[in-house]
Amino acid sequence: MRSLAPNGLARAAVRFKPASFAGTFVALMMSALIVAACGILLETGARASVPAERYAKAPVVAAADQSVRLVADSIDGPEETVYPLPDTARVDVGLAAKAARAPGAEAAVPDFTFPVRQDNGALVGHGWGSHAFTGTALSAGAAPRTGDVVLDPATARTAKADVGDTVTLETAVGRTDFRVSGLAKSGSGDTAAGAAVGGKATAWFADAEASALAGHPGKADAIAVLAADGADTNALAAAVEKSLAGSGAQVHTGDGRGEAEERGLAYAKETLLGLGSQFGGIATLVAVFTAAGTVALSVGQRTREFALLRAVGATPRQIRRAVATEALLVAPLAGLAGCLPGIALAGWWFGQLKDRGAVPEAVDLHVSWIPLLAAVGTGLLTALGSGWMAGRRPAKIKPGQALTEASVERLRPGVIRTVLGLAALVGGAVFAGVASSSAGDNAANASLGVIMLFMLAVALLGPLVARLCAALFGLLLRGGGASAALAAANSRTNARRLASAITPIVLAMAFASTLVFMHTSESQIASEQLRDGITADHVVTDPAGLPTGSADQAARAPGVDAAVSLLDTQVLVPVVSGGERTLQGAATQGISGSGAELAKVQDLDVRSGSLNRVGAGRIAIDKTLATSAKVKVGDELPLHLPDGTEARPEVVAVYGRGLGLAAVTMDRASLAGHVTSPFDSTLLVRGGDAKPLAALGEVTNASGYAVEQNVDRELGAWANYTMAAVLGGFAVIAAVNTLVMTVLDRRRELATLRLVGSTRRQVLHMLHWESLLVSVAGVALGTTIAMITLTPMMRGLTGESPHIPPLLYATFAATAVSLGLLAVTLPARAALRDRQA
């Protein structure tokens with residue numbers, strides 16, 4: 001019985017069945033790759049930080065909380081959720097005096113950073129007091145007083161101005177002449193701040209008027225506290241915090257100062273945590289499902305061996321231990337092999353996010369042993385669990401019965417598996433009904449449950465689904481000749497083998513189609529709304545922002561009937577999603593004129609109420625947002641303005657083109673004091689000629705503007721396509737891997753077919769028909785699940801049906817079929833070259 005020792009059985013199985021274990025190795029390696037990559041992104045999001053640059057020489061910084069916090073009751077007690085603000089929250093300038101009186105403080109300087117327009121370009125404005133911690137120093141002239149400005153030498157040369165000359169600059173207070181009181185070379189702190197507002201040229205103003213020029217009178221971006229000689233940073237921070245108690249300001253030291261100056265860090269964390277947790281959770285489930293199916297197939301292919309071992313005296317415990325030992329031999333090595341490409345995938349993904357501005361350049365990818373250990377451990381647990389489940393029956397039944405079942409596939413699946421599969425199927429149907437009767441985020445959340453439950457049902461009911469597909473498609477194959485008929489018969493009698501190949505194709509098709517076609521649907525509808533919604537004859541834009549008073553200047557041009565400028569930003573709106581109250585970012589346009597004037601250049605498709613009433617304290621919103629927020633015309637909508645300020649405007653109109661234009665429309669004056677840039681982004685003009693408008697910015701027509709907006713939207717779709725590629729690619733590789741394993745395991749069957757007179761071409765044709773059946777069945781099931789998911793989701797989000805580009809869908813389907821045929825043909829040719837075949 002020594003030869004029947006579990007370790008010996010496992011080593012012998014790996015040695016004499018290399019093809020089966022190679023397939024298991026590949027599946028577990030891919031699973032580890034996905035888990036490692038998502039885990040690294042998750043950990044990077046949790047640990048993300050940026051070193052202080054502008055505040056590097058200020059040991060303590062006081063700034064407002066740059067987020068809104070909602071507290072909700074949960075099973076474990078109150079639970080706080082943090083939502084990053086769309087713009088910068090600011091603190092009172094007067095806090096600088098309080099902070100300066102803290103023990104250990106040498107000085108406290110209010111800091112301001114804001115955009116400034118010049119005729120020949122954009123500048124970055126600062127208060128001169130910041131030179132105390134940025135390293136900026138005068139090279140000529142004197143510090144600025146009220147009405148003065150200090151320029152960097154390059155800006156002065158461009159403006160052809162020297163000390164004592166006058167330059168015209170545009171700030172939040174309008175177009176103003178400033179006397180150049182001096183020239184200064186930017187220090188490292190000012191250079192670092194330039195990118196935040198879109199330029200490197202710098203202008204410094206007197207601190208007394210800087211907050212007004214920035215558009216936020218009495219407010220500062222932050223308070224930089226300088227330490228006296230010998231003062232301890234932690235003690236100083238504690239003293240400043242005590243001095244500012246009750247003001248709402250947060251005190252930062254170390255890398256926390258970097259978070260105070262880099263507003264994009266909060267969004268980067270949210271993006272990375274979302275990828276690592278939400279997408280990572282789905283990807284991990286897909287990887288585990290697929291790897292488990294491959295391991296179960298590998299164990300199932302050796303049912304005959306287990307039956308023979310039972311016949312010669314192996315105990316059930318020895319069989320189970322042998323399967324567990326096989327997992328211990330293969331899974332850790334596969335996991336380790338998957339970690340290195342997982343790190344590479346995370347690095348590439350992280351780099352792409354940086355290139356697209358979703359992650360600040362100063363944030364580094366964090367790779368530690370934790371996600372790598374999780375990847376290896378997940379693969380090991382998957383191998384052990386699925387191997388135990390697959391080997392449980394051959395290990396416990398009597399030897400004679402085991403031999404009988406090894407010869408003929410068992411038709412009836414396990415009771416537990418069937419019950420769970422039916423429960424998942426019913427649950428998916430219930431969620432589909434909930435999604436179809438919901439709107440907004442509720443529909444999207446319910447639709448996510450639809451796809452997950454239907455995928456679980458396919459995985460659990462795989463043999464039954466495969467048998468139904470074989471029976472259905474077998475009717476079509478009967479007219480395809482002897483090879484097709486034999487393929488249909490094989491598929492009906494080997495449903496478990498068929499299910500192992502169909503399931504990953506269903507996964508690939510369902511998830512890839514849902515992610516990609518969700519974007520194509522939103523993009524199509526948004527494009528239509530944008531194209532139909534812009535009724536202006538001319539659209540004027542400028543990357544640095546439009547000059548102050550652009551709308552008034554355009555309105556005075558000959559023949560102009562209406563001119564409205566738009567200040568684009570976001571607000572946070574409370575909505576009910578999944579039974580919980582959350583905050584949703586809503587694209588917002590602040591209009592310079594009245595609602596009646598806006599109606600001349602924009603058709604928002606008003607469904608109820610009137611745009612004429614839009615003004616101070618009164619807004620119009622998109623119908624989908626109104627449904628999610630549960631408000632209607634006449635109700636107050638509590639929301640947070642871009643800098644976090646709370647407001648409760650009245651809803652005076654509900655319209656239907658919020659996806660293509662803006663979800664919230666309000667008067668510009670209500671937004672102007674709550675955003676960093678005071679300059680409008682777009683000017684819509686009806687009537688007149690384009691030539692007089694060229695002085696304001698780049699002029700195009702409505703069609704050209706729509707094309708530009710669509711290009712920007714396409715860039716934002718990169719994340720969806722990447723996730724679809726990762727999930728779909730993994731599932732396709734798993735499907736190919738399964739088909740290769742299946743063909744190589746059938747060498748004896750192929751040899752028998754050759755012995756009874758079948759030609760190599762007939763055998764290959766039979767395998768091709770089987771592959772076609774598997775691919776078409778997987779594509780059909782995946783498409784069905786995707787449509788059941790997408791239809792209520794898109795109707796809830798947009799009110800329209802999904803838009804599926806025929807060519808793109810055909811590419812998905814053709815790829816699945818082609819890879820299936822290739823995965824069968826190559827190993828089959830190798831097997832048929834064997835003399836026994």
# chains A, B, ... in the order shown; residues from 1 in each chain; ligands from 1
call {"tool": "residues_around", "arguments": {"residues": "segment 717-720 of chain A", "least_positions_apart": "2", "cutoff": "12 Å", "atoms": "only C-alpha atoms", "output": "count of residues only"}}
result
38
call {"tool": "residues_around", "arguments": {"residues": "segment 223-239 of chain A", "least_positions_apart": "4", "cutoff": "8 Å", "atoms": "only C-alpha atoms", "output": "ChimeraX atom specification"}}
result
/A:55,57-63,91,93,95-96,99-100,102-111,133,243,251-253
call {"tool": "residues_around", "arguments": {"residues": "Val35 of chain A", "least_positions_apart": "2", "cutoff": "9 Å", "atoms": "only C-alpha atoms", "output": "count of residues only"}}
result
21
call {"tool": "select_by_dssp", "arguments": {"residues": "segment 528-644 of chain A", "states": "alpha helix (DSSP H)", "output": "ChimeraX atom specification"}}
result
/A:528-533,550-555,595-601,623-629
call {"tool": "write_last_selection", "arguments": {"atoms": "C-alpha atoms", "output": "compact mmCIF listing (two decimals), in the first residue's frame"}}
result
# COMPACT_ATOMS: atom_id res chain seq x y z
CA GLU A 528 -27.80 62.62 -29.59
CA GLN A 529 -28.77 64.84 -26.68
CA LEU A 530 -25.77 67.10 -27.22
CA ARG A 531 -26.39 67.35 -30.96
CA ASP A 532 -30.09 68.10 -30.49
CA GLY A 533 -29.58 70.28 -27.44
CA SER A 550 -17.75 87.56 -22.88
CA ALA A 551 -21.51 87.14 -23.04
CA ASP A 552 -22.12 90.91 -22.85
CA GLN A 553 -19.45 91.57 -25.46
CA ALA A 554 -20.91 88.94 -27.82
CA ALA A 555 -24.44 90.23 -27.30
CA GLY A 595 -33.48 80.82 -18.45
CA ALA A 596 -35.39 82.43 -21.29
CA GLU A 597 -32.11 83.45 -22.95
CA LEU A 598 -30.68 79.98 -22.39
CA ALA A 599 -33.67 78.48 -24.20
CA LYS A 600 -32.60 80.39 -27.32
CA VAL A 601 -29.20 78.67 -27.49
CA LYS A 623 -35.25 63.88 -15.09
CA THR A 624 -32.99 60.94 -14.16
CA LEU A 625 -31.42 62.94 -11.36
CA ALA A 626 -34.88 64.06 -10.22
CA THR A 627 -35.99 60.42 -10.01
CA SER A 628 -32.85 59.36 -8.09
CA ALA A 629 -33.15 62.31 -5.70
call {"tool": "closest_residue", "arguments": {"among": "A:Leu265, A:Leu832, A:Leu461, A:Ala466", "to": "Val359 of chain A", "atoms": "only C-alpha atoms"}}
result
A:Leu265
call {"tool": "select_by_dssp", "arguments": {"residues": "segment 596-801 of chain A", "states": "strand (DSSP E or B)", "output": "ChimeraX atom specification"}}
result
/A:602,606-609,615,618-622,636,639-640,646-647,650-655,664-667,682-687,698-700
call {"tool": "atom_distance", "arguments": {"atom1": "atom CA of Leu336 of chain A", "atom2": "atom CA of Leu384 of chain A"}}
result
16.5 Å
call {"tool": "closest_residue", "arguments": {"among": "A:Leu169, A:Phe25, A:Pro84, A:Ile370", "to": "Leu329 of chain A", "atoms": "only C-alpha atoms"}}
result
A:Phe25
call {"tool": "closest_residue", "arguments": {"among": "A:Ala620, A:Ala702, A:Val116, A:Ala786", "to": "Ala662 of chain A", "atoms": "only C-alpha atoms"}}
result
A:Ala620
call {"tool": "atom_distance", "arguments": {"atom1": "atom CA of Arg668 of chain A", "atom2": "atom CA of Ser610 of chain A"}}
result
17.6 Å
call {"tool": "residues_around", "arguments": {"residues": "segment 446-450 of chain A", "least_positions_apart": "5", "cutoff": "8 Å", "atoms": "only C-alpha atoms", "output": "list in words"}}
result
Gly427, Gly428, Ala429, Phe431, Ala432, Val434, Ala435, Gly578, Ile788, Thr789, Leu790, Pro792 and Met793 of chain A
call {"tool": "atom_distance", "arguments": {"atom1": "atom CA of Arg648 of chain A", "atom2": "atom CA of Ser670 of chain A"}}
result
11.7 Å
call {"tool": "closest_residue", "arguments": {"among": "A:Leu767, A:Leu572, A:Ala690, A:Ala362", "to": "Gly258 of chain A", "atoms": "only C-alpha atoms"}}
result
A:Ala362
call {"tool": "residues_around", "arguments": {"residues": "Ala562 of chain A", "least_positions_apart": "2", "cutoff": "6 Å", "atoms": "only C-alpha atoms", "output": "PyMOL selection string"}}
result
chain A and resi 560+685-686
call {"tool": "residues_around", "arguments": {"residues": "segment 145-155 of chain A", "least_positions_apart": "5", "cutoff": "6 Å", "atoms": "only C-alpha atoms", "output": "number ranges by chain"}}
result
A: 178-185, 202-206
call {"tool": "residues_around", "arguments": {"residues": "Gly609 of chain A", "least_positions_apart": "6", "cutoff": "7 Å", "atoms": "only C-alpha atoms", "output": "PyMOL selection string"}}
result
chain A and resi 633+652-654
call {"tool": "closest_residue", "arguments": {"among": "A:Lys98, A:Arg321, A:Arg257, A:Lys630", "to": "Leu244 of chain A", "atoms": "only C-alpha atoms"}}
result
A:Lys98
call {"tool": "closest_residue", "arguments": {"among": "A:Ile282, A:Ala72, A:Ala424, A:Leu380", "to": "Leu333 of chain A", "atoms": "only C-alpha atoms"}}
result
A:Leu380
